[in-house]
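Peer 1: Below you will find the structure I want to go over with you.
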Amino acid sequence: MALSGLDIYKLLPKTNCKKCGFATCLAFAMQLAKKASSVENCPFISQEAKDKIISASLAPIKSISLESRCGELILGGEKVLFRHEEKFFNPCAIGIIFEDSLSEAKLIEKISDVKRLSFERVGEILTVDVVALKYSGIDAGKYIDSFKAIINNCDFVVALICDDTDVIKKVVEIANGRDLIIYCFGKEFDIEKFSHFASNKNLSFVLVAEDLDSLNILTLKCEQLKFKNLLIDTGEKNLSDKLWDLTQIRRLSLKKHIRSLGYPVSCIIEQTSPEAIINKASCYILKYASMILVKSDAPEVIFPLLTLRQNIYSDPQKPLQVEPKSYAVGQVDKDSPVLVTTNFSLSYFTVLSEVEASRVPSYIVSVDTEGMSVLTAWAAEKLTPESITKALEKDNIKDKVDHKKLVIPGYVSVMSGDLQEKSGWQVTVGPKEASGIPSFLKKYK
Amino acid sequence: MELEYIEKSSNSITSVILGTGSTSLKVGGEDALPFLYREGKNVSLPIIAHEVFDSAPSDWAKSLKDEFKSVINKPIEWALYCKNELNAKLICLRLSSAHPDFGNNSADKLAKLCRDIYAKVNLPMVIIGCGDDKKDNQVLPECSKALKGKNCYFGNTTIDNYKTIAASCIADGNGVIAHSPIDINIAKQLNILINEVGLPLDKVIINPTVGALGYGLEYAYSIMERARLAALMGDKMLALPFICFIAQESWRAKESKASEKDNPDWGKELERGIYWEAVTANSFLHAGADILVMRHPKAVEIVSKAIKELTNKGIK
């Protein structure tokens with residue numbers, strides 16, 4: 001947990017010797033809290049105090065960064081137990097597990113299925129991030145060939161679920177600089193065999209142990225061996241025990257500063273039934289997993305999970321907003337309808353998708369409501385006859401169309417008279433729910 | 001080193017009983033965050049309420065209508081179907097036909113319906129009016145009278161409209177659903193007001209308003225988390241069970257209803273709607289929901305499994 005300037009001040013010598021370059025110890029402490037100076041600039045501070053300040057300034061949960069041609073994937077780095085305290089920072093990676101028993105043709109087909117798992121919501125593209133390859137322990141050659149097929153056919157970060165260290169070594173040799181996540185599974189897995197890779201930034205290792213004490217021993221050992229990129233996993237358990245583990249790991253690293261557990265957490269869901277995946281993955285997304293690997297690529301299963309991730313990792317302090325202005329949808333002309341909504345992303349994009357579905361080219365005027373939805377903005381007096389009039393004037397929408405007719409959301413029908421008077425536009429009350437827009441627009445005019 | 005971090009709560013959620021006799025149910029009573037049974041004595045055991053409408057809903061997705069095809073026009077049969085075929089323990093009756101614009105059915109007629117359903121089904125009930133304050137104030141007191149002593153729960157009461165309904169519930173030994181618009185302060189204020197007119201807190205269930213997956217779920221999720229944390233830290237006026245109207249929100253989402261033909265990359269239409277409902281429900285379980293109001297039998301089945309697994313005390 002970060003220390004405040006006053007907390008740091010208490011740890012300084014309080015002699016105001018000015019050796020640090022600041023007039024007083026308090027001024028220096030304030031700069032340290034802002035990370036604008038370094039504790040090394042104080043020649044008289046005790047080693048103990050120095051360690052305390054340095055360790056408090058480190059993130060309680062370390063983050064790892066993986067590069068792929070799909071972009072940068074950051075896992076971990078979380079700071080809170082509940083998203084309302086600040087936010088959840090780095091969306092948990094979702095990955096699909098392939099078995100190495102698939103024929104090459106089938107595997108390539110599966111890869112293209114996974115690439116198609118891409119869903120646009122509220123102006124964002126939601127996709128999976130990882131593909132994992134599971135070793136059946138039978139045919140090392142087949143496993144390596146499957147790995148080659150994966151790296152030749154997609155840009156995802158690849159995870160290796162394989163308990164044979166020799167096979168992993170062979171895969172790493174042909175990985176061609178691709179970032180890999182290596183699952184250290186099985187009793188035989190000896191991480192020391194990989195210690196010469198410890199500082200290789202392309203390789204991340206997932207340490208697996210059933211209980212937190214054993215995990216703690218493992219991570220401490222890996223830290224001594226100078227491993228940089230680590231994740232942890234408490235293995236397959238029933239849902240209530242897994243929820244307990246995930247909660248404990250997050251709490252211990254944030255509240256007790258147990259740095260040996262401050263790593264991103266990965267979970268594998270072994271069951272293949274959509275029901276089991278839905279239940280476990282929704283729990284893990286909400287409760288602190290940084291990576292989830294599943295054995296289904298069915299869009300109807302993955303789509304809701306990616307949507308949940310998008311919801312939970314959104315910033316609660318800052319509602320998603322679009323720029324407040326008028327948007328032309330489709331081949332608009334001088335007769336196109338003009339619809340009003342707020343600049344809250346969810347409102348705007350919901351209206352947008354329904355206007356698109358209606359195939360009636362229209363203008364959407366998104367009024368600056370500071371990211372509030374229609375009803376909230378109305379209650380908070382951000383969506384008012386005045387603010388709508390201002391939005392219409394600001395964007396000179398009257399030059400874009402030959403009429404002065406406006407459609408407002410059904411929920412704010414009470415303002416229509418007042419708005420008509422203030423804006424000089426003729427007001428029609430539209431549907432309450434965006435889903436009513438297509439049938440409304442077909443009849444409108 | 002013992003690696004464990006236990007949070008001790010200084011307060012527990014008020015236990016609320018729904019119904020009477022052998023079919024009665026207890027919700028609430030938790031003294032820890034959801035499903036963390038190792039630090040609380042009382043684990044939460046959320047209950048699923050099956051939603052039954054007094055008249056055939058016009059705006060339901062086809063996949064949903066198909067499930068109730070034979071009973072969709074017959075509320076008594078519908079409720080019986082939920083009990084006998086779907087193993088319902090709690091019925092949520094929606095009196096939408098009371099609305100002046102959608103049927104305008106009379107208080108007498110709807111009170112009789114409540115009485116008949118209860119007599120046939122004999123399960124605890126939550127009864128939700130049509131949302132028109134004036135009409136709800138006529139209809140719900142009559143329904144409460146018809147279910148006198150049955151310990152049923154009536155709503156929605158809101159900050160602008162709670163006195164009439166609360167008063168009749170006090171007189172008839174029933175309870176209320178206190179509805180607030182995703183706002184922790186209003187939720188608390190309403191509980192205080194209802195309590196002040198004489199209804200004890202163990203007769204109040206909070207409806208915090210929820211959003212569907214993809215449609216504001218996270219706002220309601222965080223409000224419920226905040227309210228539950230405050231409750232466990234000692235705020236008695238927020239320490240009440242939550243009822244979440246899952247299906248009414250999830251089935252409004254475009255993603256639940258859009259056809260496979262229009263959206264070939266979104267996967268199977270039927271399953272998509274079911275999973276949308278299940279993921280919405282699962283999310284609110286983790287935020288502290290005590291009652292989930294749901295529709296699709298398959299979604300109910302999935303979420304029941306989640307509840308069973310989450311309340312399984314496992315090893316240790």
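Each chain of the structure tokens is named A, B, ... in the order shown, its residues numbered from 1; ligands are numbered from 1 in display order.
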With only C-alpha atoms considered, list every residue of chain B at most 8 Å from chain A, as a VMD selection string.
Peer 2: chain B and resid 1 to 5 35 to 36 213 to 219 222 225 to 226 254 265 to 269 271 to 272 275 to 276 278 to 279 282 to 283 286 302 to 303 306 309 to 315
Peer 1: I need the chosen residues saved as a short mmCIF file (atom, residue, chain, number, x, y, z; two decimals), in the first residue's frame, with N, CA and C atoms.
Peer 2:
data_model
loop_
_atom_site.label_atom_id
_atom_site.label_comp_id
_atom_site.auth_asym_id
_atom_site.auth_seq_id
_atom_site.Cartn_x
_atom_site.Cartn_y
_atom_site.Cartn_z
N MET B 1 4.31 -20.71 8.42
CA MET B 1 3.52 -19.47 8.39
C MET B 1 2.07 -19.80 8.02
N GLU B 2 1.16 -19.34 8.84
CA GLU B 2 -0.26 -19.56 8.51
C GLU B 2 -0.73 -18.45 7.57
N LEU B 3 -0.97 -18.80 6.33
CA LEU B 3 -1.36 -17.78 5.37
C LEU B 3 -2.88 -17.71 5.30
N GLU B 4 -3.43 -16.83 6.06
CA GLU B 4 -4.88 -16.69 6.04
C GLU B 4 -5.23 -15.28 6.48
N TYR B 5 -6.24 -14.71 5.88
CA TYR B 5 -6.68 -13.37 6.28
C TYR B 5 -8.18 -13.43 6.47
N PHE B 35 -20.54 -16.57 0.24
CA PHE B 35 -19.90 -17.89 0.06
C PHE B 35 -18.54 -18.03 0.74
N LEU B 36 -18.15 -17.07 1.57
CA LEU B 36 -16.89 -17.22 2.30
C LEU B 36 -17.22 -17.87 3.64
N LEU B 213 -26.27 -8.07 -17.88
CA LEU B 213 -24.93 -8.21 -18.42
C LEU B 213 -24.80 -7.34 -19.67
N GLY B 214 -23.79 -6.47 -19.67
CA GLY B 214 -23.59 -5.60 -20.82
C GLY B 214 -24.43 -4.33 -20.78
N TYR B 215 -25.36 -4.25 -19.85
CA TYR B 215 -26.24 -3.08 -19.79
C TYR B 215 -26.27 -2.51 -18.37
N GLY B 216 -25.10 -2.15 -17.88
CA GLY B 216 -25.04 -1.50 -16.58
C GLY B 216 -24.94 -2.45 -15.41
N LEU B 217 -24.68 -3.74 -15.68
CA LEU B 217 -24.51 -4.72 -14.60
C LEU B 217 -23.55 -4.22 -13.53
N GLU B 218 -22.44 -3.62 -13.98
CA GLU B 218 -21.39 -3.26 -13.02
C GLU B 218 -21.81 -2.18 -12.04
N TYR B 219 -22.75 -1.31 -12.42
CA TYR B 219 -23.20 -0.27 -11.50
C TYR B 219 -23.93 -0.91 -10.32
N SER B 222 -21.59 -3.01 -8.01
CA SER B 222 -20.80 -2.25 -7.04
C SER B 222 -21.66 -1.63 -5.94
N GLU B 225 -22.31 -4.46 -3.57
CA GLU B 225 -21.10 -4.75 -2.79
C GLU B 225 -20.91 -3.72 -1.68
N ARG B 226 -21.09 -2.44 -2.05
CA ARG B 226 -20.90 -1.38 -1.05
C ARG B 226 -21.93 -1.48 0.07
N LYS B 254 -30.27 -7.13 -26.26
CA LYS B 254 -30.28 -7.54 -27.66
C LYS B 254 -29.59 -8.89 -27.82
N ASP B 265 -21.92 -14.75 -35.92
CA ASP B 265 -20.74 -14.96 -35.07
C ASP B 265 -21.06 -14.97 -33.57
N TRP B 266 -22.33 -14.79 -33.23
CA TRP B 266 -22.68 -14.73 -31.81
C TRP B 266 -23.07 -16.08 -31.23
N GLY B 267 -23.06 -17.13 -32.05
CA GLY B 267 -23.38 -18.46 -31.53
C GLY B 267 -24.87 -18.72 -31.45
N LYS B 268 -25.20 -19.89 -30.88
CA LYS B 268 -26.59 -20.37 -30.89
C LYS B 268 -27.52 -19.44 -30.11
N GLU B 269 -28.64 -19.12 -30.75
CA GLU B 269 -29.55 -18.13 -30.19
C GLU B 269 -30.15 -18.57 -28.85
N GLU B 271 -29.22 -20.89 -26.62
CA GLU B 271 -28.23 -20.98 -25.53
C GLU B 271 -27.73 -19.60 -25.13
N ARG B 272 -27.57 -18.71 -26.11
CA ARG B 272 -27.04 -17.39 -25.81
C ARG B 272 -27.94 -16.66 -24.81
N TYR B 275 -27.56 -18.34 -21.39
CA TYR B 275 -26.29 -18.03 -20.72
C TYR B 275 -26.25 -16.55 -20.31
N TRP B 276 -26.91 -15.70 -21.09
CA TRP B 276 -26.95 -14.28 -20.72
C TRP B 276 -27.67 -14.13 -19.38
N ALA B 278 -27.97 -16.56 -17.13
CA ALA B 278 -27.19 -17.25 -16.09
C ALA B 278 -26.00 -16.42 -15.64
N VAL B 279 -25.29 -15.78 -16.58
CA VAL B 279 -24.12 -14.99 -16.19
C VAL B 279 -24.57 -13.74 -15.41
N ASN B 282 -25.38 -15.11 -11.95
CA ASN B 282 -24.14 -15.47 -11.24
C ASN B 282 -23.44 -14.24 -10.69
N SER B 283 -23.42 -13.17 -11.49
CA SER B 283 -22.71 -11.97 -11.05
C SER B 283 -23.34 -11.42 -9.78
N HIS B 286 -22.55 -13.13 -6.49
CA HIS B 286 -21.29 -12.75 -5.86
C HIS B 286 -21.34 -11.36 -5.25
N ILE B 302 -28.82 -24.06 -14.37
CA ILE B 302 -27.38 -23.74 -14.33
C ILE B 302 -27.03 -22.99 -13.05
N VAL B 303 -27.83 -21.97 -12.73
CA VAL B 303 -27.52 -21.14 -11.56
C VAL B 303 -27.73 -21.93 -10.27
N ALA B 306 -24.61 -23.61 -9.66
CA ALA B 306 -23.59 -22.69 -9.12
C ALA B 306 -23.81 -22.48 -7.63
N GLU B 309 -22.68 -25.54 -5.70
CA GLU B 309 -21.22 -25.65 -5.60
C GLU B 309 -20.63 -24.59 -4.68
N LEU B 310 -21.21 -23.39 -4.75
CA LEU B 310 -20.66 -22.30 -3.93
C LEU B 310 -20.96 -22.48 -2.45
N THR B 311 -22.02 -23.24 -2.13
CA THR B 311 -22.36 -23.43 -0.73
C THR B 311 -21.90 -24.79 -0.22
N ASN B 312 -21.17 -25.51 -1.06
CA ASN B 312 -20.60 -26.79 -0.66
C ASN B 312 -19.36 -26.53 0.19
N LYS B 313 -19.41 -26.97 1.42
CA LYS B 313 -18.34 -26.62 2.33
C LYS B 313 -17.01 -27.31 2.06
N GLY B 314 -17.03 -28.30 1.16
CA GLY B 314 -15.78 -28.89 0.71
C GLY B 314 -14.90 -29.44 1.82
N ILE B 315 -13.59 -29.42 1.57
CA ILE B 315 -12.64 -29.97 2.52
C ILE B 315 -12.36 -28.99 3.65
#
Peer 1: Write out as a list in words which residues come within 9 Å of Ser413 of chain A when counting only C-alpha atoms, dropping same-chain ones fewer than 6 positions away.
Peer 2: Thr428, Val429 and Gly430 of chain A
Peer 1: Taking C-alpha atoms for each residue, export the selection above as a short mmCIF file (atom, residue, chain, number, x, y, z; two decimals), in the first residue's frame.
Peer 2:
data_model
loop_
_atom_site.label_atom_id
_atom_site.label_comp_id
_atom_site.auth_asym_id
_atom_site.auth_seq_id
_atom_site.Cartn_x
_atom_site.Cartn_y
_atom_site.Cartn_z
CA THR A 428 -41.66 14.00 -31.15
CA VAL A 429 -41.48 11.60 -28.21
CA GLY A 430 -39.66 8.41 -29.23
#
Peer 1: Just the residues within 12 Å of Lys390 of chain A, please, counting only C-alpha atoms, with nothing from its chain fewer than 5 positions along; format it as a VMD selection string.
Peer 2: chain A and resid 324 to 325 365 to 369 382 to 385 395 to 397 419 422 to 424
Peer 1: Please determine, counting only C-alpha atoms, which residue among B:Arg228, B:His179, B:Arg115, B:Lys261 has the shortest atom-to-atom distance to Lys150 of chain B.
Peer 2: B:Arg115
Peer 1: What lies within 9 Å of Ser260 of chain A using only C-alpha atoms, ignoring chain neighbours under 6 positions off, as a list of chain:residue names?
Peer 2: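 The residues that qualify are A:Leu215, A:Asn216, A:Ile217, A:Leu218, A:Thr219, A:Leu220, A:Glu223, A:Ser253.
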Peer 1: May I ask for the distance between atom CA of Ala198 of chain A and atom CA of Lys228 of chain A, given in Å to one decimal place?
Peer 2: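 Straight-line distance from atom CA of Ala198 of chain A to atom CA of Lys228 of chain A works out to 6.3 Å.
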